[in-house]
$ cat upload03.txt   # compact mmCIF, C-alpha atoms
# COMPACT_ATOMS: atom_id res chain seq x y z
CA MET A 1 5.61 13.44 -82.54
CA ALA A 2 3.54 11.36 -80.14
CA ARG A 3 0.21 9.98 -81.33
CA ILE A 4 -2.92 10.27 -79.18
CA LEU A 5 -6.21 8.48 -79.72
CA PHE A 6 -9.13 10.23 -78.00
CA VAL A 7 -12.34 8.25 -77.57
CA GLU A 8 -14.98 10.87 -76.81
CA ASP A 9 -18.64 10.88 -77.80
CA GLU A 10 -19.38 14.59 -77.32
CA THR A 11 -18.61 16.33 -80.60
CA GLU A 12 -17.75 19.71 -79.10
CA VAL A 13 -15.33 18.19 -76.61
CA SER A 14 -13.78 15.96 -79.28
CA GLU A 15 -13.23 18.89 -81.64
CA THR A 16 -11.67 20.96 -78.85
CA LEU A 17 -9.29 18.14 -77.94
CA ASP A 18 -8.37 17.67 -81.60
CA ARG A 19 -7.59 21.36 -82.16
CA PHE A 20 -5.70 21.88 -78.92
CA PHE A 21 -3.44 18.84 -79.06
CA LYS A 22 -2.68 19.26 -82.77
CA ARG A 23 -1.65 22.83 -82.00
CA GLU A 24 0.60 21.44 -79.27
CA GLY A 25 2.37 19.24 -81.81
CA TYR A 26 0.65 15.88 -81.28
CA ASP A 27 -0.60 13.52 -83.97
CA VAL A 28 -4.29 13.27 -83.03
CA TYR A 29 -7.04 10.79 -83.89
CA THR A 30 -10.57 10.85 -82.47
CA ALA A 31 -13.31 8.22 -82.25
CA ASP A 32 -16.81 8.46 -80.81
CA CYS A 33 -17.53 4.75 -80.33
CA HIS A 34 -16.13 1.27 -79.76
CA SER A 35 -15.81 0.14 -83.39
CA LYS A 36 -14.17 3.37 -84.60
CA ALA A 37 -11.71 3.26 -81.71
CA LYS A 38 -10.80 -0.33 -82.51
CA ASP A 39 -10.31 0.49 -86.19
CA LEU A 40 -8.15 3.56 -85.55
CA ALA A 41 -6.04 1.83 -82.90
CA THR A 42 -5.35 -0.98 -85.34
CA ARG A 43 -4.45 1.26 -88.28
CA PHE A 44 -2.71 4.02 -86.32
CA PRO A 45 -1.37 2.53 -83.06
CA PRO A 46 -1.38 5.32 -80.46
CA ASP A 47 1.36 6.21 -78.01
CA VAL A 48 -1.32 7.11 -75.44
CA LEU A 49 -5.04 6.38 -75.28
CA VAL A 50 -7.46 8.88 -73.68
CA LEU A 51 -10.89 7.36 -73.02
CA ASP A 52 -14.14 8.90 -71.91
CA VAL A 53 -15.85 6.39 -69.61
CA MET A 54 -19.38 7.37 -70.62
CA LEU A 55 -20.00 6.97 -74.36
CA ASN A 56 -23.79 7.02 -74.26
CA HIS A 57 -24.09 9.90 -76.77
CA GLY A 58 -22.21 8.04 -79.49
CA PRO A 59 -23.53 5.64 -82.13
CA GLU A 60 -22.81 2.58 -79.93
CA PRO A 61 -24.08 3.49 -76.45
CA GLU A 62 -24.03 -0.17 -75.38
CA PHE A 63 -20.23 0.09 -75.11
CA ASP A 64 -18.53 2.32 -72.56
CA GLY A 65 -14.92 3.37 -72.19
CA PHE A 66 -14.13 0.31 -70.08
CA ASP A 67 -15.33 -1.93 -72.93
CA VAL A 68 -13.15 -0.04 -75.41
CA CYS A 69 -10.13 -0.35 -73.15
CA LYS A 70 -10.63 -4.09 -72.68
CA THR A 71 -11.05 -4.64 -76.43
CA LEU A 72 -7.86 -2.73 -77.26
CA ARG A 73 -5.92 -4.46 -74.49
CA ASP A 74 -7.12 -7.86 -75.74
CA GLY A 75 -6.05 -6.80 -79.22
CA GLY A 76 -2.49 -6.17 -78.10
CA TYR A 77 -2.41 -2.51 -77.09
CA THR A 78 0.05 -2.18 -74.20
CA GLY A 79 0.49 1.58 -74.05
CA PRO A 80 -0.69 4.04 -71.42
CA VAL A 81 -4.37 4.78 -70.83
CA ILE A 82 -6.02 7.84 -69.31
CA PHE A 83 -9.71 7.64 -68.38
CA VAL A 84 -11.81 10.82 -68.46
CA THR A 85 -15.17 10.89 -66.70
CA ALA A 86 -17.72 13.08 -65.00
CA ARG A 87 -18.27 10.33 -62.45
CA THR A 88 -16.30 10.28 -59.24
CA MET A 89 -17.43 6.90 -57.89
CA GLU A 90 -14.56 4.97 -56.33
CA GLU A 91 -15.58 1.69 -57.97
CA ASP A 92 -15.28 3.32 -61.41
CA LYS A 93 -11.71 4.31 -60.73
CA LEU A 94 -10.89 0.88 -59.35
CA ARG A 95 -12.34 -0.77 -62.44
CA GLY A 96 -10.27 1.50 -64.67
CA PHE A 97 -7.06 0.72 -62.82
CA GLU A 98 -7.84 -2.99 -62.99
CA LEU A 99 -7.96 -2.61 -66.79
CA GLY A 100 -4.51 -1.05 -66.73
CA ALA A 101 -5.32 2.66 -66.56
CA ASP A 102 -2.36 4.92 -65.85
CA ASP A 103 -4.34 7.98 -64.81
CA TYR A 104 -7.86 9.27 -64.21
CA VAL A 105 -9.12 12.78 -65.03
CA THR A 106 -12.46 14.06 -63.74
CA LYS A 107 -14.61 16.45 -65.77
CA PRO A 108 -14.58 19.38 -65.98
CA PHE A 109 -10.85 19.65 -66.67
CA SER A 110 -8.62 22.15 -68.41
CA MET A 111 -6.74 21.38 -71.61
CA LEU A 112 -3.51 22.39 -69.87
CA GLU A 113 -4.13 19.89 -67.09
CA LEU A 114 -4.76 17.06 -69.56
CA LYS A 115 -1.71 18.08 -71.59
CA ALA A 116 0.42 17.92 -68.45
CA ARG A 117 -0.88 14.48 -67.57
CA VAL A 118 -0.31 13.17 -71.10
CA GLY A 119 3.20 14.59 -71.14
CA ALA A 120 4.04 13.12 -67.73
CA ILE A 121 2.89 9.66 -68.78
CA LEU A 122 4.80 9.76 -72.06
CA ASN A 123 7.94 10.83 -70.21
CA ARG A 124 7.49 8.01 -67.72
CA VAL A 125 7.07 5.30 -70.34
CA GLY A 126 9.89 6.58 -72.50
CA GLY A 127 8.16 8.90 -74.95
CA VAL A 128 7.18 7.89 -78.46
CA ARG A 129 7.53 4.51 -80.12
CA SER A 130 10.84 3.64 -81.70
CA ILE A 131 10.40 0.11 -83.10
CA TYR A 132 7.97 -0.72 -85.89
CA ARG A 133 7.39 -4.06 -87.60
CA PHE A 134 6.20 -4.09 -91.21
CA GLY A 135 5.93 -7.69 -92.35
CA THR A 136 9.49 -8.96 -92.85
CA THR A 137 11.03 -5.56 -92.11
CA GLU A 138 11.76 -4.08 -88.68
CA VAL A 139 12.52 -0.38 -88.28
CA ASP A 140 14.45 0.46 -85.09
CA LEU A 141 14.64 4.23 -84.99
CA ASP A 142 16.45 4.55 -81.66
CA ASN A 143 19.31 2.43 -82.98
CA TYR A 144 19.25 3.89 -86.52
CA VAL A 145 18.83 0.51 -88.17
CA ILE A 146 16.49 -1.39 -90.50
CA ARG A 147 16.49 -5.16 -90.03
CA HIS A 148 15.29 -7.70 -92.59
CA ASP A 149 14.20 -11.26 -91.88
CA ASP A 150 17.15 -12.66 -93.83
CA GLY A 151 19.44 -11.21 -91.15
CA ALA A 152 20.63 -8.22 -93.15
CA GLU A 153 20.81 -4.81 -91.46
CA GLU A 154 20.88 -1.35 -93.01
CA ARG A 155 22.25 1.58 -91.01
CA LEU A 156 20.45 4.92 -91.20
CA SER A 157 22.15 8.29 -91.20
CA ASN A 158 20.83 10.99 -88.85
CA ARG A 159 18.83 12.65 -91.63
CA GLU A 160 17.51 9.33 -92.93
CA GLN A 161 16.35 8.40 -89.43
CA GLU A 162 14.62 11.75 -88.94
CA LEU A 163 12.98 11.49 -92.36
CA LEU A 164 11.76 7.93 -91.81
CA ARG A 165 10.40 8.78 -88.36
CA TYR A 166 8.52 11.75 -89.81
CA LEU A 167 7.06 9.63 -92.60
CA ILE A 168 5.96 6.85 -90.23
CA GLU A 169 4.44 9.24 -87.71
CA HIS A 170 2.43 10.84 -90.52
CA ARG A 171 1.53 7.62 -92.31
CA ASP A 172 -1.23 7.76 -94.93
CA LYS A 173 -0.85 11.53 -95.13
CA VAL A 174 0.44 13.19 -98.29
CA LEU A 175 3.58 15.11 -97.27
CA PRO A 176 4.64 17.88 -99.65
CA ARG A 177 8.38 18.28 -100.16
CA GLU A 178 8.13 21.72 -98.58
CA GLU A 179 6.70 20.22 -95.38
CA LEU A 180 9.53 17.70 -95.23
CA LEU A 181 12.02 20.52 -95.69
CA THR A 182 10.43 22.38 -92.80
CA GLY A 183 10.09 19.36 -90.54
CA ILE A 184 13.48 17.75 -91.17
CA TRP A 185 15.88 20.33 -92.56
CA LYS A 186 14.28 23.43 -91.01
CA TYR A 187 14.66 25.15 -94.39
CA SER A 188 18.46 25.18 -94.33
CA PRO A 189 19.54 27.67 -97.01
CA ASN A 190 21.56 25.07 -98.95
CA VAL A 191 18.75 22.52 -99.10
CA THR A 192 16.59 22.02 -102.18
CA THR A 193 13.70 19.71 -102.89
CA ARG A 194 16.20 17.50 -104.74
CA THR A 195 17.81 16.84 -101.35
CA VAL A 196 14.50 15.41 -100.15
CA ASP A 197 14.26 13.19 -103.23
CA THR A 198 17.81 11.91 -102.72
CA HIS A 199 17.17 10.99 -99.11
CA ILE A 200 13.88 9.30 -100.03
CA LEU A 201 15.77 7.24 -102.61
CA ASN A 202 18.33 6.16 -100.01
CA VAL A 203 15.68 5.22 -97.46
CA ARG A 204 13.76 3.25 -100.09
CA LYS A 205 16.88 1.25 -100.92
CA LYS A 206 17.42 0.40 -97.27
CA LEU A 207 13.77 -0.62 -96.90
CA ARG A 208 14.04 -2.68 -100.12
CA ASP A 209 11.10 -0.74 -101.41
CA ASP A 210 10.14 -0.68 -105.08
CA ALA A 211 9.08 2.79 -106.20
CA THR A 212 6.88 1.33 -108.96
CA HIS A 213 5.03 -0.99 -106.53
CA PRO A 214 5.69 0.62 -103.14
CA ARG A 215 5.13 -1.19 -99.85
CA PHE A 216 6.40 1.75 -97.80
CA ILE A 217 6.88 5.10 -99.55
CA GLU A 218 4.55 6.17 -102.34
CA THR A 219 5.46 9.04 -104.65
CA MET A 220 2.74 11.65 -105.05
CA HIS A 221 3.80 13.11 -108.37
CA GLY A 222 4.22 16.85 -108.37
CA VAL A 223 3.58 17.04 -104.62
CA GLY A 224 5.69 14.84 -102.37
CA TYR A 225 5.47 11.47 -100.63
CA LYS A 226 3.18 9.31 -98.51
CA PHE A 227 4.15 6.46 -96.15
CA VAL A 228 1.84 3.50 -96.74
CA GLY A 229 3.56 0.73 -94.74
CA ARG A 230 1.31 -1.55 -92.72
CA GLU A 231 2.31 -3.03 -89.39
CA GLY A 232 1.97 -6.69 -88.69
$ encode --input "upload03.txt" --output "structure tokens"
Amino acid sequence: MARILFVEDETEVSETLDRFFKREGYDVYTADCHSKAKDLATRFPPDVLVLDVMLNHGPEPEFDGFDVCKTLRDGGYTGPVIFVTARTMEEDKLRGFELGADDYVTKPFSMLELKARVGAILNRVGGVRSIYRFGTTEVDLDNYVIRHDDGAEERLSNREQELLRYLIEHRDKVLPREELLTGIWKYSPNVTTRTVDTHILNVRKKLRDDATHPRFIETMHGVGYKFVGREG
């Protein structure tokens, strides 16, 4: 599941984007100003950033989409950027491309058009992220391996990789066992919630995670699990 951060100051547009792209299977975050965008991009690094150029209806009208883009780029964001604007001035587009924009969409636009552009960019850059760094632990999902700073490596099975990817992509969200069964095992008839618990236990061991003081996977008693790992 690819993660999109929309920076849009018009509430109605933001809510429409949120509903549409969640329905299409994306992990969606929205911000209406510079500081919120910076905070969300830091806590939930996006796979693609969609920025409205004009943010004069938000709580920080002194910052526009170009300012947000520059801040996130300076902070280390290297992913794709799509600018959205009602303005068609050539200098605006040139400025956006100078900041590393990958595409430019002019309002009004259809959700299907924006979806197609997002999908095309993600396909071009290789889709969703596969390597995550959590302190002394590196998770390489494409290669099914967890690497520790002492040089040790732990191999992941197919199910363990799928489970860990799902947890990471839904970090800080409480995931009921039933949702994990649906998302990972597709409700196979021979699968029980105990299967989920067993796989969580195996992944925890490979992450060197302590269930009593978790750095990665927190047990939500009677419900399921939550991934709480922090990148950096």
$ residues_around --input "upload03.txt" --residues "Lys205 in chain A" --least-positions-apart "5" --cutoff "12 Å" --atoms "all atoms listed in the file" --output "ChimeraX atom specification"
/A:146,153-156,160,198-200,210-211,214,216-217
$ write_last_selection --input "upload03.txt" --atoms "C-alpha atoms" --output "PDB file, in the frame of the given file"
ATOM      1  CA  ILE A 146      16.490  -1.390 -90.500  1.00  0.00           C
ATOM      2  CA  GLU A 153      20.810  -4.810 -91.460  1.00  0.00           C
ATOM      3  CA  GLU A 154      20.880  -1.350 -93.010  1.00  0.00           C
ATOM      4  CA  ARG A 155      22.250   1.580 -91.010  1.00  0.00           C
ATOM      5  CA  LEU A 156      20.450   4.920 -91.200  1.00  0.00           C
ATOM      6  CA  GLU A 160      17.510   9.330 -92.930  1.00  0.00           C
ATOM      7  CA  THR A 198      17.810  11.910-102.720  1.00  0.00           C
ATOM      8  CA  HIS A 199      17.170  10.990 -99.110  1.00  0.00           C
ATOM      9  CA  ILE A 200      13.880   9.300-100.030  1.00  0.00           C
ATOM     10  CA  ASP A 210      10.140  -0.680-105.080  1.00  0.00           C
ATOM     11  CA  ALA A 211       9.080   2.790-106.200  1.00  0.00           C
ATOM     12  CA  PRO A 214       5.690   0.620-103.140  1.00  0.00           C
ATOM     13  CA  PHE A 216       6.400   1.750 -97.800  1.00  0.00           C
ATOM     14  CA  ILE A 217       6.880   5.100 -99.550  1.00  0.00           C
TER      15      ILE A 217
END
$ residues_around --input "upload03.txt" --residues "range 111-125 of chain A" --least-positions-apart "3" --cutoff "10 Å" --atoms "all atoms listed in the file" --output "PyMOL selection string"
chain A and resi 2+4+16-17+20-21+24+47-50+79-82+84+102-105+108+128-129
$ atom_distance --input "upload03.txt" --atom1 "CA of Ser14 in chain A" --atom2 "CA of Ala31 in chain A"
8.3 Å
$ atom_distance --input "upload03.txt" --atom1 "CA of Arg215 in chain A" --atom2 "CA of Ser35 in chain A"
26.7 Å
$ residues_around --input "upload03.txt" --residues "range 91-96 of chain A" --least-positions-apart "2" --cutoff "10 Å" --atoms "all atoms listed in the file" --output "list of chain:residue names"
A:Val53, A:Gly65, A:Phe66, A:Cys69, A:Lys70, A:Val81, A:Ile82, A:Phe83, A:Thr85, A:Arg87, A:Thr88, A:Met89, A:Glu98, A:Leu99, A:Gly100, A:Ala101, A:Asp102, A:Asp103, A:Tyr104, A:Val105
$ residues_around --input "upload03.txt" --residues "Arg133 in chain A" --least-positions-apart "3" --cutoff "9 Å" --atoms "all atoms listed in the file" --output "PyMOL selection string"
chain A and resi 136-140+230-232
$ atom_distance --input "upload03.txt" --atom1 "CA of Phe44 in chain A" --atom2 "CA of Asp142 in chain A"
19.7 Å
$ residues_around --input "upload03.txt" --residues "Glu60 in chain A" --least-positions-apart "2" --cutoff "9 Å" --atoms "all atoms listed in the file" --output "mmCIF file with C-alpha atoms, in the frame of the given file"
data_model
loop_
_atom_site.group_PDB
_atom_site.id
_atom_site.type_symbol
_atom_site.label_atom_id
_atom_site.label_comp_id
_atom_site.auth_asym_id
_atom_site.auth_seq_id
_atom_site.Cartn_x
_atom_site.Cartn_y
_atom_site.Cartn_z
ATOM 1 C CA ASP A 32 -16.810 8.460 -80.810
ATOM 2 C CA CYS A 33 -17.530 4.750 -80.330
ATOM 3 C CA HIS A 34 -16.130 1.270 -79.760
ATOM 4 C CA SER A 35 -15.810 0.140 -83.390
ATOM 5 C CA LEU A 55 -20.000 6.970 -74.360
ATOM 6 C CA ASN A 56 -23.790 7.020 -74.260
ATOM 7 C CA HIS A 57 -24.090 9.900 -76.770
ATOM 8 C CA GLY A 58 -22.210 8.040 -79.490
ATOM 9 C CA GLU A 62 -24.030 -0.170 -75.380
ATOM 10 C CA PHE A 63 -20.230 0.090 -75.110
ATOM 11 C CA ASP A 64 -18.530 2.320 -72.560
#
$ closest_residue --input "upload03.txt" --among "A:Leu207, A:Ala37, A:Leu181, A:Val68" --to "Phe134 in chain A" --atoms "all atoms listed in the file"
A:Leu207
$ closest_residue --input "upload03.txt" --among "A:Pro45, A:Gly229, A:Pro59, A:Gly25" --to "Asp9 in chain A" --atoms "all atoms listed in the file"
A:Pro59
$ closest_residue --input "upload03.txt" --among "A:Phe227, A:Asp52, A:Arg23, A:Asp74" --to "Lys38 in chain A" --atoms "all atoms listed in the file"
A:Asp74
